[in-house]
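Okay, so here's the structure we're looking at.
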Amino acid sequence: MIAAVARDDARSKDAETASQPAVLFAHNFYQQPGGEDSVLHAEVEMLRVRGHRVQQYLVHNDDIAGMSRMRLLGSTVWNRETTRALGQQLDREPVQVVHFHNTFPLISPAGYDAAKRRGMAVVQTLHNYRLLCPAANFYRDGHLCERCLHASVPWPAVMHGCYRGSRSATTVVTVMLGAHRVMRTYAHAVDIYIALTEFARRKFIEGGLPAEKIVVKPNFCADPGVGRHDDGSVLFVGRLTTEKGVEHLLTAWRQVAQRHPGLRLRILGDGPCSTLASSGVPGVEWLGWRPREEVTRRMQDAALLVLPSVQREGFPMTLVEAFATGLPVLAADFESMTEMVHDGHSGRLFQHADPRDLANVLEQTITDRDALQALGRQARAEYEKKYTPTRNYERLMAAYSAATQRAV
């Protein structure tokens, strides 16, 4: 009888472990904080509060300083130090799932190998299009570009210096992608990929990743509470770069402000386009980088968030954060955005890279208070339906379950 009880207890513990797998998150931080970092922190917290044992293996691009070009190339293609350090950590505290967010450039695909050698499931979130495009965004010289999508080795990117405007830097990325495409690393070393939208899933399948290995799980955020949205302002939150559409937004805003001089556009963020603060566009407040708590408060007060990107976005965290506060979103009509912002329902869409259309739709939207309130209610409903931690946890556990079954 005692032996039978012991066996039952063992089965119970095994079942608990299976339902709450131990997870190691691996992530390479960029030099400038971004949405990927926020997603990592959110998933770590989500699992810990639900009783999972969670570890992290983290590196930072600040470590690149002082590395020779050849050493950086070698580390980007296959970082032996990662294999050793990550492997030692996994030996000390084994887990069921190793979940990678960003491996570029210092973790490298060697991280997958460290996990696979130990029989652990490998999951990779596809935050951007790096595996298909050295620049990670299908954007070049002010236009969408997919010349590397079907190339076995993405040499067109080298010709144009697509990564950071440098041919030598782009060569490093291209060699890494080409080597692992030839070795079929991305097809075999990862058990499950997490795409953020259905559009992204289709694009990665078109680029050669196995369809059966890609699941869709959007980003999420904790519930900040619905705001009053009573100050009438328009918000931009993000990096101040050309790709994010800051210049187009200012062009459009100049037109809107001429007709409605009392309106306010508040720009939160930092980057190269911060120099435009001296351009004298009326009604614009340049607030710079602000703490997360203030960004949330501004969203709770504002009337509309604008996402004017001129390139395809993966899944901007600012969108789901805005929805969570009941703030509607005006977004460029890229395919991935049309999945999240339903025109006339949870926000509005405008023709991407068209400042005139942006101005027209922005003016129509911000001056109709009744419509704005209705859009805000639907934005909050979208959050509650799709982007809460509870809903996201269910999807993440399904992805982990599929990965562990494939890893056996």
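Naming works like this for the structure tokens: A, B, ... for the chains as they're shown, residue 1 at the start of each chain, ligands 1 onward in shown order.
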> Any idea what's packed within 12 Å of Ser336 (chain A), counting only C-alpha atoms, ignoring anything in its chain fewer than 5 positions away? Could you give it as a list in words?
Replying inline: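 Here the qualifying residues turn out to be Asn128, Ala195, Leu196, Thr197, Glu198, Phe199, Ala200, Arg201, Arg202, Lys203, Pro218, Ser309, Gln311, Arg312, Glu313, Gly314, Phe315, Pro316, Ala331, Val341, His342 and Leu349 of chain A.
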> Can you tell me, as a VMD selection string, what residues are no more than 12 Å from region 260-271 of chain A when counting only C-alpha atoms, ignoring any on the same chain fewer than 5 positions away?
Replying inline: chain A and resid 32 to 34 231 to 244 246 to 247 249 to 250 252 to 255 276 to 277 281 to 292 294 to 296 298 to 299 301 to 307 318 359 362 to 364 366 to 367
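Here the alpha helix (DSSP H) residues in region 61-130 of chain A, by DSSP on the backbone, are Arg69, Met70, Arg71, Leu72, Leu73, Gly74, Ser75, Thr76, Val77, Arg80, Glu81, Thr82, Thr83, Arg84, Ala85, Leu86, Gly87, Gln88, Gln89, Leu90, Asp91, Arg92, Ala110, Gly111, Tyr112, Asp113, Ala114, Ala115 and Lys116 of chain A.
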> Which neighbours of Glu93 (chain A) fall inside 10 Å, counting only C-alpha atoms, when residues of the same chain fewer than 2 positions from it are skipped, and could you give them as a VMD selection string?
Replying inline: chain A and resid 22 24 53 55 87 to 91 95
Against region 373-393 of chain A, which residues of region 200-228 of chain A fall within 8 Å? For each one I want the closest pair of atoms and the distance in Å (one decimal), counting only C-alpha atoms, rows by chain and increasing residue number, as CSV.
```
residue,atom,partner,partner_atom,distance
A:Lys217,CA,A:Asn392,CA,7.1
A:Pro218,CA,A:Tyr387,CA,7.2
A:Asn219,CA,A:Tyr387,CA,6.8
A:Phe220,CA,A:Tyr387,CA,4.6
A:Cys221,CA,A:Thr388,CA,6.2
A:Ala222,CA,A:Pro389,CA,6.2
A:Asp223,CA,A:Thr388,CA,7.1
A:Val226,CA,A:Arg380,CA,7.7
```
Please save C-alpha atoms of the selected residues as a PDB file, in the first residue's frame.
```pdb
ATOM      1  CA  LYS A 217       1.144  33.767 -30.206  1.00  0.00           C
ATOM      2  CA  PRO A 218       0.827  37.555 -30.019  1.00  0.00           C
ATOM      3  CA  ASN A 219       2.479  39.758 -27.455  1.00  0.00           C
ATOM      4  CA  PHE A 220       0.598  40.760 -24.311  1.00  0.00           C
ATOM      5  CA  CYS A 221       0.793  43.036 -21.306  1.00  0.00           C
ATOM      6  CA  ALA A 222      -0.457  43.176 -17.744  1.00  0.00           C
ATOM      7  CA  ASP A 223      -3.696  45.093 -17.271  1.00  0.00           C
ATOM      8  CA  VAL A 226      -8.735  51.752 -18.443  1.00  0.00           C
TER       9      VAL A 226
END
```
> Contacts of region 181-183 of chain A at 12 Å or less, counting only C-alpha atoms, minus same-chain residues fewer than 6 places along, as a VMD selection string?
Replying inline: chain A and resid 77 109 131 to 132 150 to 154 174 to 175 189 207 to 209
Atoms to include: N, CA and C atoms. Write the selected residues as a PDB file, in the first residue's frame.
```pdb
ATOM      1  N   VAL A  77      28.368  33.620 -36.162  1.00  0.00           N
ATOM      2  CA  VAL A  77      28.044  32.359 -36.852  1.00  0.00           C
ATOM      3  C   VAL A  77      27.906  31.220 -35.849  1.00  0.00           C
ATOM      4  N   PRO A 109      23.293  30.717 -33.206  1.00  0.00           N
ATOM      5  CA  PRO A 109      22.587  29.433 -33.218  1.00  0.00           C
ATOM      6  C   PRO A 109      23.272  28.336 -32.406  1.00  0.00           C
ATOM      7  N   LEU A 131      15.749  36.174 -39.805  1.00  0.00           N
ATOM      8  CA  LEU A 131      16.092  34.914 -40.471  1.00  0.00           C
ATOM      9  C   LEU A 131      15.863  34.958 -41.972  1.00  0.00           C
ATOM     10  N   LEU A 132      15.124  35.979 -42.429  1.00  0.00           N
ATOM     11  CA  LEU A 132      14.818  36.094 -43.853  1.00  0.00           C
ATOM     12  C   LEU A 132      15.468  37.310 -44.499  1.00  0.00           C
ATOM     13  N   HIS A 150      13.893  34.712 -50.876  1.00  0.00           N
ATOM     14  CA  HIS A 150      14.022  33.376 -51.462  1.00  0.00           C
ATOM     15  C   HIS A 150      15.462  33.022 -51.817  1.00  0.00           C
ATOM     16  N   ALA A 151      16.408  33.871 -51.459  1.00  0.00           N
ATOM     17  CA  ALA A 151      17.802  33.604 -51.804  1.00  0.00           C
ATOM     18  C   ALA A 151      18.413  32.608 -50.820  1.00  0.00           C
ATOM     19  N   SER A 152      19.149  31.623 -51.342  1.00  0.00           N
ATOM     20  CA  SER A 152      19.804  30.667 -50.452  1.00  0.00           C
ATOM     21  C   SER A 152      20.847  31.361 -49.586  1.00  0.00           C
ATOM     22  N   VAL A 153      21.523  32.351 -50.147  1.00  0.00           N
ATOM     23  CA  VAL A 153      22.423  33.223 -49.405  1.00  0.00           C
ATOM     24  C   VAL A 153      22.022  34.660 -49.742  1.00  0.00           C
ATOM     25  N   PRO A 154      21.692  35.482 -48.743  1.00  0.00           N
ATOM     26  CA  PRO A 154      21.132  36.818 -49.019  1.00  0.00           C
ATOM     27  C   PRO A 154      22.165  37.858 -49.432  1.00  0.00           C
ATOM     28  N   THR A 174      25.023  38.158 -43.245  1.00  0.00           N
ATOM     29  CA  THR A 174      24.763  37.319 -44.411  1.00  0.00           C
ATOM     30  C   THR A 174      25.492  35.985 -44.314  1.00  0.00           C
ATOM     31  N   VAL A 175      26.734  36.009 -43.877  1.00  0.00           N
ATOM     32  CA  VAL A 175      27.489  34.762 -43.707  1.00  0.00           C
ATOM     33  C   VAL A 175      26.808  33.878 -42.673  1.00  0.00           C
ATOM     34  N   ALA A 189      17.070  22.482 -35.825  1.00  0.00           N
ATOM     35  CA  ALA A 189      17.515  22.702 -34.448  1.00  0.00           C
ATOM     36  C   ALA A 189      16.447  23.309 -33.556  1.00  0.00           C
ATOM     37  N   GLY A 207       9.516  31.886 -46.680  1.00  0.00           N
ATOM     38  CA  GLY A 207      10.972  31.966 -46.632  1.00  0.00           C
ATOM     39  C   GLY A 207      11.660  30.652 -46.344  1.00  0.00           C
ATOM     40  N   GLY A 208      10.902  29.582 -46.112  1.00  0.00           N
ATOM     41  CA  GLY A 208      11.503  28.257 -45.998  1.00  0.00           C
ATOM     42  C   GLY A 208      11.424  27.570 -44.651  1.00  0.00           C
ATOM     43  N   LEU A 209      10.887  28.218 -43.610  1.00  0.00           N
ATOM     44  CA  LEU A 209      10.749  27.533 -42.335  1.00  0.00           C
ATOM     45  C   LEU A 209       9.610  26.507 -42.415  1.00  0.00           C
TER      46      LEU A 209
END
```
> Quick one: DSSP strand (DSSP E) residues in region 9-102 of chain A, as a list in words?
Replying inline: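 Reading the DSSP output for region 9-102 of chain A, strand (DSSP E) covers Val23, Leu24, Phe25, Ala26, His27, Asn28, Phe29, Val54, Gln55, Gln56, Tyr57, Leu58, Val59, His60, Val97, Val98, His99, Phe100, His101 and Asn102 of chain A.
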For the residues selected in the previous step, produce a file with N, CA and C atoms as a compact mmCIF listing (two decimals), in the first residue's frame.
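The new file part-v3.txt reads:
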```
# COMPACT_ATOMS: atom_id res chain seq x y z
N VAL A 23 11.68 26.39 -17.36
CA VAL A 23 12.03 27.08 -18.60
C VAL A 23 13.27 27.95 -18.39
N LEU A 24 14.17 27.92 -19.36
CA LEU A 24 15.27 28.87 -19.41
C LEU A 24 15.04 29.81 -20.59
N PHE A 25 15.02 31.11 -20.32
CA PHE A 25 14.91 32.11 -21.38
C PHE A 25 16.31 32.59 -21.76
N ALA A 26 16.61 32.58 -23.04
CA ALA A 26 17.90 33.06 -23.55
C ALA A 26 17.65 34.29 -24.41
N HIS A 27 18.43 35.33 -24.14
CA HIS A 27 18.18 36.59 -24.86
C HIS A 27 19.45 37.42 -24.97
N ASN A 28 19.63 37.99 -26.16
CA ASN A 28 20.72 38.92 -26.45
C ASN A 28 20.13 40.32 -26.49
N PHE A 29 20.44 41.15 -25.49
CA PHE A 29 19.92 42.51 -25.46
C PHE A 29 20.62 43.36 -26.51
N VAL A 54 12.01 29.27 -13.37
CA VAL A 54 12.47 30.03 -14.53
C VAL A 54 13.92 30.45 -14.33
N GLN A 55 14.73 30.23 -15.36
CA GLN A 55 16.10 30.71 -15.40
C GLN A 55 16.26 31.66 -16.59
N GLN A 56 17.37 32.39 -16.60
CA GLN A 56 17.68 33.26 -17.73
C GLN A 56 19.16 33.15 -18.09
N TYR A 57 19.42 33.17 -19.39
CA TYR A 57 20.79 33.28 -19.90
C TYR A 57 20.81 34.55 -20.75
N LEU A 58 21.49 35.59 -20.28
CA LEU A 58 21.41 36.90 -20.90
C LEU A 58 22.78 37.42 -21.28
N VAL A 59 22.88 37.98 -22.47
CA VAL A 59 24.09 38.69 -22.90
C VAL A 59 23.66 40.04 -23.43
N HIS A 60 24.62 40.92 -23.62
CA HIS A 60 24.30 42.29 -24.02
C HIS A 60 25.27 42.74 -25.11
N VAL A 97 12.31 23.24 -21.26
CA VAL A 97 12.22 24.10 -22.44
C VAL A 97 13.27 25.20 -22.36
N VAL A 98 13.97 25.42 -23.47
CA VAL A 98 14.86 26.57 -23.60
C VAL A 98 14.23 27.49 -24.65
N HIS A 99 13.82 28.66 -24.20
CA HIS A 99 13.06 29.60 -25.04
C HIS A 99 13.95 30.78 -25.41
N PHE A 100 14.28 30.88 -26.69
CA PHE A 100 15.13 31.94 -27.19
C PHE A 100 14.27 33.10 -27.70
N HIS A 101 14.68 34.32 -27.34
CA HIS A 101 14.03 35.50 -27.90
C HIS A 101 14.91 36.11 -28.98
N ASN A 102 16.13 36.47 -28.65
CA ASN A 102 17.05 36.99 -29.66
C ASN A 102 18.41 36.32 -29.48
```
> Taking into account only C-alpha atoms, which residue in the set A:Val172, A:Leu47, A:Glu321, A:Gly161 is nearest to Trp78 (chain A)?
Replying inline: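 The closest residue to Trp78 (chain A) is A:Val172.
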> Contacts of Tyr163 (chain A) at 12 Å or less, counting only C-alpha atoms, minus same-chain residues fewer than 3 places along, as a PyMOL selection string?
Replying inline: chain A and resi 130+133-141+154-160+166-174
>> Env of Lys213 (chain A): 7 Å cut, atoms = only C-alpha atoms, seq-sep filter 4 positions within chain, self excluded. Answer as a list in words.
In response: Asp191, Ile192 and Tyr193 of chain A
